[in-house]
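A.B. asks: Here you go, data.cif (mmCIF, C-alpha atoms (C1' of nucleotides)):
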```cif
data_upload
#
loop_
_atom_site.label_atom_id
_atom_site.label_comp_id
_atom_site.auth_asym_id
_atom_site.auth_seq_id
_atom_site.Cartn_x
_atom_site.Cartn_y
_atom_site.Cartn_z
CA MET Q 229 -0.50 9.13 -18.38
CA SER Q 230 -1.40 12.73 -17.80
CA GLU Q 231 -4.70 11.57 -16.37
CA ARG Q 232 -3.36 9.30 -13.70
CA ARG Q 233 -1.78 11.79 -11.36
CA ALA Q 234 -0.08 9.82 -8.62
CA ARG Q 235 -1.63 10.18 -5.21
CA ALA Q 236 0.17 13.07 -3.63
CA SER Q 237 2.27 12.14 -0.69
CA THR Q 238 1.56 13.73 2.66
CA VAL Q 239 4.47 16.11 2.28
CA ASP Q 240 3.34 17.15 -1.19
CA LYS Q 241 -0.17 17.79 -0.03
CA ARG Q 242 1.06 19.86 2.86
CA ASN Q 243 3.12 21.93 0.49
CA ARG Q 244 0.23 22.36 -1.90
CA LEU Q 245 -1.91 23.58 0.98
CA LEU Q 246 0.79 26.06 1.93
CA ASP Q 247 1.09 27.23 -1.69
CA ALA Q 248 -2.66 27.72 -1.90
CA THR Q 249 -2.65 29.66 1.37
CA GLU Q 250 0.05 31.98 0.11
CA GLU Q 251 -1.79 32.60 -3.13
CA ILE Q 252 -4.99 33.46 -1.31
CA MET Q 253 -3.17 35.78 1.06
CA LEU Q 254 -1.54 37.59 -1.83
CA ARG Q 255 -4.71 37.93 -3.84
CA ASP Q 256 -7.39 38.51 -1.22
CA GLY Q 257 -5.60 39.13 2.03
CA TYR Q 258 -5.09 36.94 5.06
CA ALA Q 259 -8.68 37.34 6.17
CA ALA Q 260 -9.75 35.39 3.10
CA VAL Q 261 -7.85 32.33 4.26
CA SER Q 262 -10.20 29.70 5.60
CA SER Q 263 -10.46 25.94 5.51
CA ARG Q 264 -13.06 26.44 2.79
CA SER Q 265 -11.06 28.76 0.56
CA VAL Q 266 -7.86 26.76 0.87
CA ALA Q 267 -9.66 23.48 0.27
CA ALA Q 268 -11.42 24.88 -2.79
CA ARG Q 269 -8.16 26.02 -4.30
CA VAL Q 270 -6.46 22.67 -3.80
CA GLY Q 271 -9.56 20.73 -4.82
CA ILE Q 272 -10.27 18.86 -1.60
CA ASN Q 273 -12.95 19.12 1.03
CA PRO Q 274 -12.70 21.64 3.84
CA PRO Q 275 -12.43 19.22 6.75
CA LEU Q 276 -9.36 17.65 5.21
CA VAL Q 277 -7.46 20.86 5.75
CA HIS Q 278 -7.87 20.26 9.46
CA TYR Q 279 -6.36 16.84 9.05
CA TYR Q 280 -3.11 18.46 7.89
CA PHE Q 281 -3.29 21.58 10.01
CA ALA Q 282 -5.34 21.20 13.15
CA THR Q 283 -6.14 24.91 13.36
CA ILE Q 284 -5.93 27.88 11.02
CA ASP Q 285 -3.26 29.31 13.30
CA ASP Q 286 -1.14 26.24 12.61
CA LEU Q 287 -1.58 26.86 8.90
CA PHE Q 288 -0.40 30.46 9.15
CA VAL Q 289 2.53 29.48 11.31
CA ALA Q 290 3.55 26.83 8.78
CA VAL Q 291 3.39 29.38 5.95
CA LEU Q 292 5.56 31.74 7.94
CA ARG Q 293 8.08 29.04 8.86
CA ARG Q 294 8.50 27.82 5.30
CA ARG Q 295 8.91 31.36 3.94
CA SER Q 296 11.20 32.62 6.63
CA LEU Q 297 13.54 29.66 6.36
CA ARG Q 298 14.12 30.70 2.76
CA ASN Q 299 14.23 34.38 3.48
CA VAL Q 300 16.65 34.24 6.38
CA ALA Q 301 19.01 32.26 4.17
CA ARG Q 302 18.60 34.74 1.33
CA MET Q 303 19.23 37.67 3.62
CA ALA Q 304 22.41 36.04 4.85
CA GLU Q 305 23.52 35.57 1.24
CA ALA Q 306 22.67 39.15 0.34
CA LEU Q 307 24.64 40.51 3.29
CA ALA Q 308 27.66 38.44 2.23
CA ALA Q 309 27.43 39.36 -1.45
CA ALA Q 310 29.69 41.69 -3.40
CA GLU Q 311 27.24 44.59 -3.17
CA PRO Q 312 25.52 43.85 0.15
CA LEU Q 313 23.30 46.91 0.44
CA THR Q 314 22.05 46.59 -3.13
CA GLN Q 315 21.31 42.91 -2.71
CA TRP Q 316 19.56 43.54 0.58
CA TRP Q 317 17.44 46.16 -1.09
CA ARG Q 318 16.52 43.82 -3.96
CA LEU Q 319 15.44 41.19 -1.50
CA ALA Q 320 13.52 43.58 0.74
CA SER Q 321 11.68 45.23 -2.13
CA ASP Q 322 10.71 42.02 -3.87
CA PRO Q 323 6.94 42.34 -4.22
CA ARG Q 324 6.07 38.69 -3.65
CA GLY Q 325 7.99 38.17 -0.46
CA SER Q 326 7.19 41.55 1.04
CA ALA Q 327 3.51 41.50 0.25
CA LEU Q 328 3.22 38.14 1.94
CA PHE Q 329 5.03 39.38 5.02
CA ILE Q 330 2.76 42.39 5.25
CA GLU Q 331 -0.20 40.03 5.41
CA LEU Q 332 1.49 37.79 7.96
CA ILE Q 333 2.32 40.75 10.15
CA ALA Q 334 -1.20 42.09 9.92
CA ALA Q 335 -2.58 38.64 10.70
CA ALA Q 336 -0.15 38.29 13.61
CA ASN Q 337 -1.58 41.42 15.19
CA HIS Q 338 -4.56 39.42 16.34
CA ARG Q 339 -3.26 35.87 16.40
CA PRO Q 340 -0.95 35.40 19.39
CA ALA Q 341 0.49 32.09 18.21
CA LEU Q 342 1.50 33.68 14.93
CA ARG Q 343 2.77 36.81 16.61
CA ALA Q 344 5.32 34.88 18.63
CA GLU Q 345 6.68 33.31 15.45
CA VAL Q 346 6.80 36.57 13.53
CA GLY Q 347 8.56 38.22 16.43
CA GLU Q 348 11.21 35.56 16.50
CA VAL Q 349 11.92 35.82 12.78
CA ALA Q 350 11.94 39.62 12.86
CA ARG Q 351 14.40 39.65 15.75
CA GLU Q 352 16.74 37.17 14.12
CA VAL Q 353 16.82 39.00 10.79
CA ARG Q 354 17.27 42.40 12.35
CA GLU Q 355 20.13 41.20 14.52
CA MET Q 356 21.88 39.76 11.49
CA GLN Q 357 21.46 43.00 9.57
CA ILE Q 358 22.69 45.22 12.36
CA GLU Q 359 25.70 43.05 13.04
CA ARG Q 360 26.69 43.18 9.39
CA LEU Q 361 26.11 46.95 9.15
CA ARG Q 362 28.58 47.62 11.93
CA SER Q 363 31.50 46.78 9.69
CA LEU Q 364 29.72 47.65 6.46
CA LEU Q 365 28.71 51.27 7.10
CA PRO Q 366 32.29 52.57 7.38
CA GLU Q 367 33.09 50.90 4.07
CA TYR Q 368 30.23 52.82 2.51
CA GLY Q 369 31.65 56.00 3.97
CA ILE Q 370 28.96 56.29 6.63
CA ASP Q 371 29.86 57.00 10.23
CA PRO Q 372 27.97 54.49 12.46
CA GLU Q 373 28.05 57.05 15.25
CA ALA Q 374 26.23 59.57 13.08
CA ILE Q 375 23.81 57.13 11.48
CA ALA Q 376 23.14 54.12 13.70
CA PRO Q 377 23.10 50.64 12.19
CA ALA Q 378 19.73 49.98 13.82
CA LEU Q 379 18.38 53.09 12.10
CA VAL Q 380 19.67 52.05 8.69
CA ALA Q 381 18.24 48.57 9.07
CA ALA Q 382 14.83 49.83 10.17
CA ALA Q 383 14.78 52.43 7.40
CA MET Q 384 15.66 49.92 4.69
CA GLN Q 385 12.93 47.53 5.74
CA GLY Q 386 10.35 50.23 6.40
CA LEU Q 387 11.00 51.93 3.10
CA ALA Q 388 10.79 48.69 1.17
CA PHE Q 389 7.58 47.66 2.90
CA GLY Q 390 5.99 51.04 2.25
CA LEU Q 391 6.89 51.03 -1.41
CA VAL Q 392 5.72 47.49 -1.99
CA GLN Q 393 2.49 48.14 -0.15
CA ASP Q 394 1.71 51.36 -2.02
CA GLN Q 395 2.60 49.82 -5.34
CA GLY Q 396 0.54 46.72 -4.67
CA ALA Q 397 -2.50 48.71 -3.62
CA GLY Q 398 -2.09 51.11 -6.52
CA TYR Q 399 -1.66 54.18 -4.34
CA ASP Q 400 -0.30 57.15 -6.25
CA THR Q 401 2.43 58.15 -3.82
CA ALA Q 402 5.36 58.73 -6.16
CA THR Q 403 6.67 55.24 -5.54
CA ALA Q 404 8.47 55.19 -8.89
CA ASP Q 405 10.38 58.36 -7.97
CA ALA Q 406 11.28 56.94 -4.57
CA ALA Q 407 12.44 53.64 -6.04
CA ALA Q 408 14.50 55.42 -8.69
CA GLY Q 409 16.02 57.64 -6.03
CA MET Q 410 16.91 54.62 -3.93
CA ASN Q 411 18.60 52.93 -6.86
CA ARG Q 412 20.67 56.04 -7.59
CA LEU Q 413 21.65 56.32 -3.94
CA LEU Q 414 22.63 52.66 -3.78
CA SER Q 415 24.82 52.79 -6.87
CA ARG Q 416 26.64 55.83 -5.52
CA LEU Q 417 27.20 54.07 -2.23
CA GLU Q 418 28.42 50.91 -3.92
CA GLN Q 419 30.85 52.94 -6.01
CA ARG Q 420 32.14 54.69 -2.92
CA ARG Q 421 32.61 51.38 -1.17
CA ALA Q 422 34.34 49.77 -4.13
CA ALA Q 423 36.80 52.66 -4.24
CA ALA Q 424 37.37 52.63 -0.48
CA VAL Q 425 37.84 48.88 -0.21
CA SER Q 426 40.18 48.63 -3.18
CA GLY Q 427 42.13 51.67 -1.97
CA SER Q 428 42.78 50.34 1.51
CA MET A 248 -27.35 64.44 37.69
CA SER A 249 -24.68 62.04 36.71
CA GLU A 250 -27.37 59.42 36.25
CA ARG A 251 -29.54 61.23 33.80
CA ARG A 252 -27.35 61.38 30.73
CA ALA A 253 -29.16 63.36 28.07
CA ARG A 254 -30.19 61.42 25.00
CA ALA A 255 -27.25 61.67 22.67
CA SER A 256 -27.90 63.61 19.52
CA THR A 257 -27.42 61.92 16.17
CA VAL A 258 -24.05 63.56 15.67
CA ASP A 259 -22.89 62.53 19.13
CA LYS A 260 -23.97 58.95 18.57
CA ARG A 261 -22.18 58.82 15.25
CA ASN A 262 -19.02 60.04 16.90
CA ARG A 263 -19.36 57.58 19.73
CA LEU A 264 -19.68 54.79 17.20
CA LEU A 265 -16.55 56.01 15.43
CA ASP A 266 -14.69 56.20 18.76
CA ALA A 267 -15.74 52.67 19.62
CA THR A 268 -14.64 51.43 16.21
CA GLU A 269 -11.21 52.99 16.62
CA GLU A 270 -10.80 51.47 20.06
CA ILE A 271 -11.69 48.02 18.79
CA MET A 272 -9.32 48.35 15.86
CA LEU A 273 -6.48 49.39 18.14
CA ARG A 274 -7.10 46.65 20.66
CA ASP A 275 -8.17 43.68 18.55
CA GLY A 276 -7.50 44.64 14.98
CA TYR A 277 -9.83 45.67 12.21
CA ALA A 278 -11.14 42.14 11.75
CA ALA A 279 -12.76 42.40 15.18
CA VAL A 280 -14.94 45.27 14.04
CA SER A 281 -18.52 44.17 13.49
CA SER A 282 -21.94 45.62 14.06
CA ARG A 283 -22.10 43.38 17.11
CA SER A 284 -18.77 44.38 18.65
CA VAL A 285 -19.28 48.07 18.03
CA ALA A 286 -22.81 48.00 19.36
CA ALA A 287 -21.71 46.18 22.50
CA ARG A 288 -19.04 48.76 23.19
CA VAL A 289 -21.43 51.69 22.81
CA GLY A 290 -24.22 49.90 24.64
CA ILE A 291 -26.81 49.70 21.89
CA ASN A 292 -28.20 46.90 19.78
CA PRO A 293 -26.38 45.68 16.68
CA PRO A 294 -29.01 46.65 14.09
CA LEU A 295 -28.81 50.24 15.21
CA VAL A 296 -25.26 50.44 13.91
CA HIS A 297 -26.68 49.86 10.46
CA TYR A 298 -29.05 52.74 10.97
CA TYR A 299 -26.07 55.08 11.30
CA PHE A 300 -23.75 53.32 8.87
CA ALA A 301 -25.54 51.28 6.27
CA THR A 302 -22.60 48.93 5.76
CA ILE A 303 -19.42 48.12 7.64
CA ASP A 304 -17.49 49.60 4.74
CA ASP A 305 -19.22 52.91 5.38
CA LEU A 306 -18.16 52.70 9.00
CA PHE A 307 -14.50 52.16 8.09
CA VAL A 308 -14.60 54.94 5.53
CA ALA A 309 -16.06 57.31 8.12
CA VAL A 310 -13.30 56.40 10.61
CA LEU A 311 -10.69 57.08 7.96
CA ARG A 312 -12.27 60.40 6.92
CA ARG A 313 -12.49 61.72 10.45
CA ARG A 314 -8.91 60.74 11.27
CA SER A 315 -7.39 61.92 8.03
CA LEU A 316 -9.05 65.32 8.22
CA ARG A 317 -7.19 65.84 11.48
CA ASN A 318 -3.97 64.29 10.28
CA VAL A 319 -3.71 66.15 7.01
CA ALA A 320 -4.10 69.38 8.93
CA ARG A 321 -1.49 68.31 11.47
CA MET A 322 0.95 67.34 8.74
CA ALA A 323 0.49 70.74 7.11
CA GLU A 324 1.23 72.38 10.47
CA ALA A 325 4.29 70.22 11.03
CA LEU A 326 5.70 71.03 7.62
CA ALA A 327 5.26 74.73 8.30
CA ALA A 328 6.74 74.63 11.81
CA ALA A 329 10.11 75.91 12.95
CA GLU A 330 11.67 72.44 12.83
CA PRO A 331 9.67 70.78 10.05
CA LEU A 332 11.47 67.45 9.83
CA THR A 333 11.40 66.94 13.58
CA GLN A 334 7.71 67.79 13.78
CA TRP A 335 6.92 65.53 10.86
CA TRP A 336 8.77 62.72 12.58
CA ARG A 337 6.89 63.26 15.82
CA LEU A 338 3.60 63.10 14.00
CA ALA A 339 4.53 60.06 11.90
CA SER A 340 5.83 58.09 14.85
CA ASP A 341 2.91 58.79 17.11
CA PRO A 342 1.77 55.32 18.17
CA ARG A 343 -1.96 55.96 18.27
CA GLY A 344 -2.32 57.50 14.86
CA SER A 345 0.08 55.14 13.15
CA ALA A 346 -1.31 51.97 14.65
CA LEU A 347 -4.76 52.95 13.48
CA PHE A 348 -3.52 53.65 9.98
CA ILE A 349 -1.80 50.29 9.83
CA GLU A 350 -5.12 48.65 10.54
CA LEU A 351 -6.94 50.82 8.01
CA ILE A 352 -4.38 50.02 5.34
CA ALA A 353 -4.57 46.32 6.08
CA ALA A 354 -8.36 46.48 6.01
CA ALA A 355 -8.25 48.45 2.75
CA ASN A 356 -6.33 45.63 1.11
CA HIS A 357 -9.54 43.69 0.85
CA ARG A 358 -12.19 46.37 0.93
CA PRO A 359 -12.27 48.25 -2.37
CA ALA A 360 -14.41 51.11 -1.10
CA LEU A 361 -11.96 51.74 1.71
CA ARG A 362 -8.96 51.31 -0.54
CA ALA A 363 -10.07 54.17 -2.77
CA GLU A 364 -10.31 56.47 0.24
CA VAL A 365 -6.97 55.42 1.69
CA GLY A 366 -5.35 55.93 -1.70
CA GLU A 367 -6.70 59.44 -1.96
CA VAL A 368 -5.45 60.43 1.50
CA ALA A 369 -2.05 58.82 0.94
CA ARG A 370 -1.61 60.62 -2.36
CA GLU A 371 -2.59 63.99 -0.92
CA VAL A 372 -0.25 63.71 2.06
CA ARG A 373 2.66 62.44 0.01
CA GLU A 374 2.29 65.27 -2.51
CA MET A 375 2.30 67.81 0.29
CA GLN A 376 5.42 66.30 1.83
CA ILE A 377 7.34 66.10 -1.42
CA GLU A 378 6.46 69.65 -2.40
CA ARG A 379 7.70 70.93 0.94
CA LEU A 380 10.88 68.84 0.80
CA ARG A 381 11.92 70.42 -2.48
CA SER A 382 12.76 73.68 -0.78
CA LEU A 383 13.49 72.12 2.60
CA LEU A 384 16.18 69.59 1.71
CA PRO A 385 18.72 72.21 0.56
CA GLU A 386 18.21 74.08 3.83
CA TYR A 387 19.10 70.88 5.67
CA GLY A 388 22.23 70.62 3.55
CA ILE A 389 20.89 67.75 1.47
CA ASP A 390 21.17 67.80 -2.30
CA PRO A 391 17.73 66.87 -3.74
CA GLU A 392 19.47 65.49 -6.81
CA ALA A 393 21.45 63.07 -4.66
CA ILE A 394 18.61 62.15 -2.31
CA ALA A 395 15.23 62.55 -3.96
CA PRO A 396 12.37 64.18 -2.02
CA ALA A 397 10.13 61.23 -2.86
CA LEU A 398 12.72 58.93 -1.32
CA VAL A 399 13.00 60.97 1.87
CA ALA A 400 9.23 61.11 2.23
CA ALA A 401 8.77 57.38 1.68
CA ALA A 402 11.63 56.58 4.04
CA MET A 403 10.27 58.79 6.82
CA GLN A 404 6.84 57.21 6.66
CA GLY A 405 8.11 53.68 6.18
CA LEU A 406 10.54 53.96 9.04
CA ALA A 407 7.94 55.39 11.38
CA PHE A 408 5.38 52.72 10.48
CA GLY A 409 7.92 49.97 10.98
CA LEU A 410 9.01 51.24 14.36
CA VAL A 411 5.49 51.78 15.63
CA GLN A 412 4.42 48.37 14.38
CA ASP A 413 7.35 46.55 15.95
CA GLN A 414 6.99 48.42 19.20
CA GLY A 415 3.27 47.80 19.35
CA ALA A 416 3.63 44.11 18.66
CA GLY A 417 6.52 43.82 21.10
CA TYR A 418 9.02 42.64 18.50
CA ASP A 419 12.58 42.82 19.72
CA THR A 420 14.10 44.52 16.69
CA ALA A 421 16.24 47.20 18.29
CA THR A 422 13.50 49.79 17.89
CA ALA A 423 14.86 51.84 20.78
CA ASP A 424 18.25 52.10 19.10
CA ALA A 425 16.68 53.06 15.81
CA ALA A 426 14.48 55.71 17.41
CA ALA A 427 17.41 57.13 19.36
CA GLY A 428 19.48 57.20 16.18
CA MET A 429 16.72 59.02 14.34
CA ASN A 430 16.45 61.63 17.08
CA ARG A 431 20.19 62.24 16.96
CA LEU A 432 20.11 62.55 13.19
CA LEU A 433 17.19 64.95 13.32
CA SER A 434 18.79 67.25 15.85
CA ARG A 435 21.98 67.42 13.81
CA LEU A 436 19.95 68.26 10.72
CA GLU A 437 17.97 70.92 12.51
CA GLN A 438 21.17 72.50 13.79
CA ARG A 439 22.62 72.51 10.33
CA ARG A 440 19.51 74.12 8.93
CA ALA A 441 19.35 76.73 11.68
CA ALA A 442 22.93 77.70 10.92
CA ALA A 443 22.38 77.74 7.16
CA VAL A 444 19.15 79.73 7.30
CA SER A 445 20.45 82.33 9.74
CA GLY A 446 23.70 82.62 7.81
CA SER A 447 22.10 83.32 4.43
"C1'" DG G 200 -6.42 9.78 3.92
"C1'" DT G 201 -10.58 11.30 2.39
"C1'" DC G 202 -15.17 11.78 2.54
"C1'" DT G 203 -20.29 13.30 4.33
"C1'" DA G 204 -22.71 15.27 7.76
"C1'" DT G 205 -23.21 18.33 11.28
"C1'" DA G 206 -22.54 21.17 15.65
"C1'" DT G 207 -21.61 25.70 16.94
"C1'" DT G 208 -20.66 30.30 16.51
"C1'" DG G 209 -20.88 34.72 14.63
"C1'" DA G 210 -21.01 37.64 10.75
"C1'" DG G 211 -23.95 41.29 7.69
"C1'" DA G 212 -28.20 42.77 6.92
"C1'" DT G 213 -33.42 43.54 6.91
"C1'" DA G 214 -38.44 43.62 8.54
"C1'" DG G 215 -41.37 45.57 11.24
"C1'" DA G 216 -43.20 46.85 16.03
"C1'" DC G 217 -42.90 50.67 19.17
"C1'" DG F 143 -34.31 56.35 16.79
"C1'" DT F 144 -34.37 52.20 18.95
"C1'" DC F 145 -35.83 47.88 19.71
"C1'" DT F 146 -36.89 42.44 18.91
"C1'" DA F 147 -36.81 38.95 15.84
"C1'" DT F 148 -35.05 36.75 12.11
"C1'" DC F 149 -32.90 35.55 7.50
"C1'" DT F 150 -28.86 34.02 5.19
"C1'" DC F 151 -24.40 32.97 4.83
"C1'" DA F 152 -19.90 31.35 6.06
"C1'" DA F 153 -16.49 30.40 9.55
"C1'" DT F 154 -13.91 26.74 12.70
"C1'" DA F 155 -14.05 22.44 14.03
"C1'" DT F 156 -15.47 17.52 15.12
"C1'" DA F 157 -17.67 12.81 14.53
"C1'" DG F 158 -17.73 8.97 12.20
"C1'" DA F 159 -18.35 6.20 7.77
"C1'" DC F 160 -15.52 4.41 4.10
#
```
As structure tokens, how would this structure be written, given the file I've shared?
C.D. replies:
Amino acid sequence: MSERRARASTVDKRNRLLDATEEIMLRDGYAAVSSRSVAARVGINPPLVHYYFATIDDLFVAVLRRRSLRNVARMAEALAAAEPLTQWWRLASDPRGSALFIELIAAANHRPALRAEVGEVAREVREMQIERLRSLLPEYGIDPEAIAPALVAAAMQGLAFGLVQDQGAGYDTATADAAAGMNRLLSRLEQRRAAAVSGS
Amino acid sequence: MSERRARASTVDKRNRLLDATEEIMLRDGYAAVSSRSVAARVGINPPLVHYYFATIDDLFVAVLRRRSLRNVARMAEALAAAEPLTQWWRLASDPRGSALFIELIAAANHRPALRAEVGEVAREVREMQIERLRSLLPEYGIDPEAIAPALVAAAMQGLAFGLVQDQGAGYDTATADAAAGMNRLLSRLEQRRAAAVSGS
DNA sequence: GTCTATATTGAGATAGAC
DNA sequence: GTCTATCTCAATATAGAC
């Protein structure tokens, strides 16, 4: 019965359109997303895309919503894990997720509807991170007065984005050295925290 | 004689086209750059843009080259200044320059000709920063074995890009707190270095 | 739900007159 | 150098048949 693929339900088709959109964004950038390109990838006709997503803005917003629902949950898990900073770093420097967010952010810069959504997600995630860092930094032996939680959060995300971007584009900016250095730093911090927490 | 503006020389016109391109990129994003939009801003006809820059890729590459010539020189100055890290930070977190680079990098992600140029500039700047950090980090009281120069360089740039991006887009991600924290950190580091250098 | 057909808009680029 | 005119292509989106 491999031939007789059941007619995809509306929800399935929506998800396949979102998958296709993500793949196009990752491979060719957000500017390559169009009703034509998405339709071609899914194997339907361009106008049908508009049946599911009235405008291209709606499509981008849906991609963002689906991703960020997952990612907010994953960030919450990471921050509650045994080695929070390390898990956060793994999540932030995951090429797939980050590369997609870079495209969404770039797209949002000239799509107001998308910008509002991105802003909301960014705010929520950052708030969660900062709140967690308030109690976490002392455990890692870092004085929150000396190094502000907001600074740590912004640096983690900015660093991860930069590394993923440079690696993805193939820029020769010593990304391997930076990543290795970050991993060494993280393991030292986790060791320090483990000792401090068990000792208290 | 304010009325009788002299016919702009070829070089002037080229520069005016580059200025217009930058302004459009900053205001509406790189995707808004076209022979039509640039021509309208300068007050000439679209085909004339192609006379000066055969393709839109050439136009983007020229914008990048002009900017990066300035910025590489400025980075070299910053790294040689009395307070190198502070000057570097000022330069990296300058909204105008950074916002433009964000657009160029996003554009480069789907314009191979531009990508090659961006990669070359990124590599050159990063190499310069890392080389300088090798001798600089110990002066700031930072062990380069513990915190790798490549990591510091990537973090500085990533942090600055993130802050500028979030501020520009109006995202409420505690950017003011992060910036204030960075300034505090920098002044402590500069004090430490001043003491260490004068004391040796 | 899915298609064909099409309206509209704007892009990049070129030809050729002046 | 600068213009008008135009070619070609692809984008978003809608109308309407099936």
A.B. asks: I'd like to know which of A:Arg274, A:Lys260, A:Arg343, A:His297 is closest to chain G, using only C-alpha atoms (C1' of nucleotides).
C.D. replies: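 With only C-alpha atoms (C1' of nucleotides) as the atom set, the closest residue is A:His297.
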A.B. asks: Neighbours of range 293-301 of chain Q within 12 Å (only C-alpha atoms (C1' of nucleotides); same-chain residues fewer than 3 positions away dropped), as a compact mmCIF listing (two decimals) with C-alpha atoms, in the coordinates of the input?
C.D. replies:
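out_32.txt written:
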```
# COMPACT_ATOMS: atom_id res chain seq x y z
CA ARG Q 242 1.06 19.86 2.86
CA ASN Q 243 3.12 21.93 0.49
CA LEU Q 246 0.79 26.06 1.93
CA ASP Q 247 1.09 27.23 -1.69
CA THR Q 249 -2.65 29.66 1.37
CA GLU Q 250 0.05 31.98 0.11
CA ASP Q 286 -1.14 26.24 12.61
CA LEU Q 287 -1.58 26.86 8.90
CA PHE Q 288 -0.40 30.46 9.15
CA VAL Q 289 2.53 29.48 11.31
CA ALA Q 290 3.55 26.83 8.78
CA ALA Q 304 22.41 36.04 4.85
CA GLU Q 305 23.52 35.57 1.24
CA ALA Q 306 22.67 39.15 0.34
CA LEU Q 307 24.64 40.51 3.29
CA ALA Q 308 27.66 38.44 2.23
CA TRP Q 316 19.56 43.54 0.58
CA LEU Q 319 15.44 41.19 -1.50
CA ALA Q 320 13.52 43.58 0.74
CA ASP Q 322 10.71 42.02 -3.87
CA ARG Q 324 6.07 38.69 -3.65
CA GLY Q 325 7.99 38.17 -0.46
CA SER Q 326 7.19 41.55 1.04
CA LEU Q 328 3.22 38.14 1.94
CA PHE Q 329 5.03 39.38 5.02
CA LEU Q 332 1.49 37.79 7.96
CA LEU Q 342 1.50 33.68 14.93
CA ALA Q 344 5.32 34.88 18.63
CA GLU Q 345 6.68 33.31 15.45
CA VAL Q 346 6.80 36.57 13.53
CA GLY Q 347 8.56 38.22 16.43
CA GLU Q 348 11.21 35.56 16.50
CA VAL Q 349 11.92 35.82 12.78
CA ALA Q 350 11.94 39.62 12.86
CA ARG Q 351 14.40 39.65 15.75
CA GLU Q 352 16.74 37.17 14.12
CA VAL Q 353 16.82 39.00 10.79
CA ARG Q 354 17.27 42.40 12.35
CA GLU Q 355 20.13 41.20 14.52
CA MET Q 356 21.88 39.76 11.49
CA GLN Q 357 21.46 43.00 9.57
```
A.B. asks: What would the selection look like, as a list in words, if the PyMOL selection byres ((chain F) within 9 of (chain Q)) were run on the coordinates I just shared?
C.D. replies: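 Output from the PyMOL selection byres ((chain F) within 9 of (chain Q)), applied to this file: DA153, DT154 and DA155 of chain F.
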A.B. asks: At a cut-off of 8 Å, list the chain Q residues touching chain A, using all atoms listed in the file, as a PyMOL selection string.
C.D. replies: chain Q and resi 256-257+259+331+334+337-338+343+347-348+350-351+354-355+374-380+382-391+397-403+405-407+409-410+412-413
A.B. asks: Enter the distance from CA of Leu332 in chain A to CA of Val444 in chain A, in Å, rounded to one decimal.
C.D. replies: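 Atom-to-atom, CA of Leu332 in chain A and CA of Val444 in chain A are spaced 14.7 Å apart.
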A.B. asks: Applied to this file, what does the PyMOL selection byres ((chain G) within 12 of (chain A)) return in terms of residues, put as a list of chain:residue names?
C.D. replies: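 Output from the PyMOL selection byres ((chain G) within 12 of (chain A)), applied to this file: G:DG209, G:DA210, G:DG211, G:DA212, G:DT213, G:DA214.
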A.B. asks: Please complete range 286-293 of chain Q with N, CA, C and O atoms and give it back as a short mmCIF file (atom, residue, chain, number, x, y, z; two decimals), keeping the file's coordinate frame.
C.D. replies:
```cif
data_model
loop_
_atom_site.label_atom_id
_atom_site.label_comp_id
_atom_site.auth_asym_id
_atom_site.auth_seq_id
_atom_site.Cartn_x
_atom_site.Cartn_y
_atom_site.Cartn_z
N ASP Q 286 -2.22 27.15 13.00
CA ASP Q 286 -1.14 26.24 12.61
C ASP Q 286 -0.78 26.43 11.13
O ASP Q 286 0.39 26.37 10.75
N LEU Q 287 -1.81 26.65 10.33
CA LEU Q 287 -1.58 26.86 8.90
C LEU Q 287 -0.76 28.12 8.65
O LEU Q 287 0.22 28.12 7.91
N PHE Q 288 -1.14 29.20 9.30
CA PHE Q 288 -0.40 30.46 9.15
C PHE Q 288 1.04 30.31 9.63
O PHE Q 288 1.98 30.77 9.00
N VAL Q 289 1.18 29.66 10.76
CA VAL Q 289 2.53 29.48 11.31
C VAL Q 289 3.40 28.68 10.34
O VAL Q 289 4.57 28.98 10.13
N ALA Q 290 2.80 27.66 9.73
CA ALA Q 290 3.55 26.83 8.78
C ALA Q 290 3.96 27.65 7.56
O ALA Q 290 5.08 27.51 7.05
N VAL Q 291 3.06 28.51 7.09
CA VAL Q 291 3.39 29.38 5.95
C VAL Q 291 4.57 30.28 6.32
O VAL Q 291 5.53 30.42 5.56
N LEU Q 292 4.48 30.86 7.50
CA LEU Q 292 5.56 31.74 7.94
C LEU Q 292 6.88 30.99 8.05
O LEU Q 292 7.92 31.47 7.57
N ARG Q 293 6.86 29.81 8.66
CA ARG Q 293 8.08 29.04 8.86
C ARG Q 293 8.74 28.71 7.53
O ARG Q 293 9.94 28.89 7.34
#
```
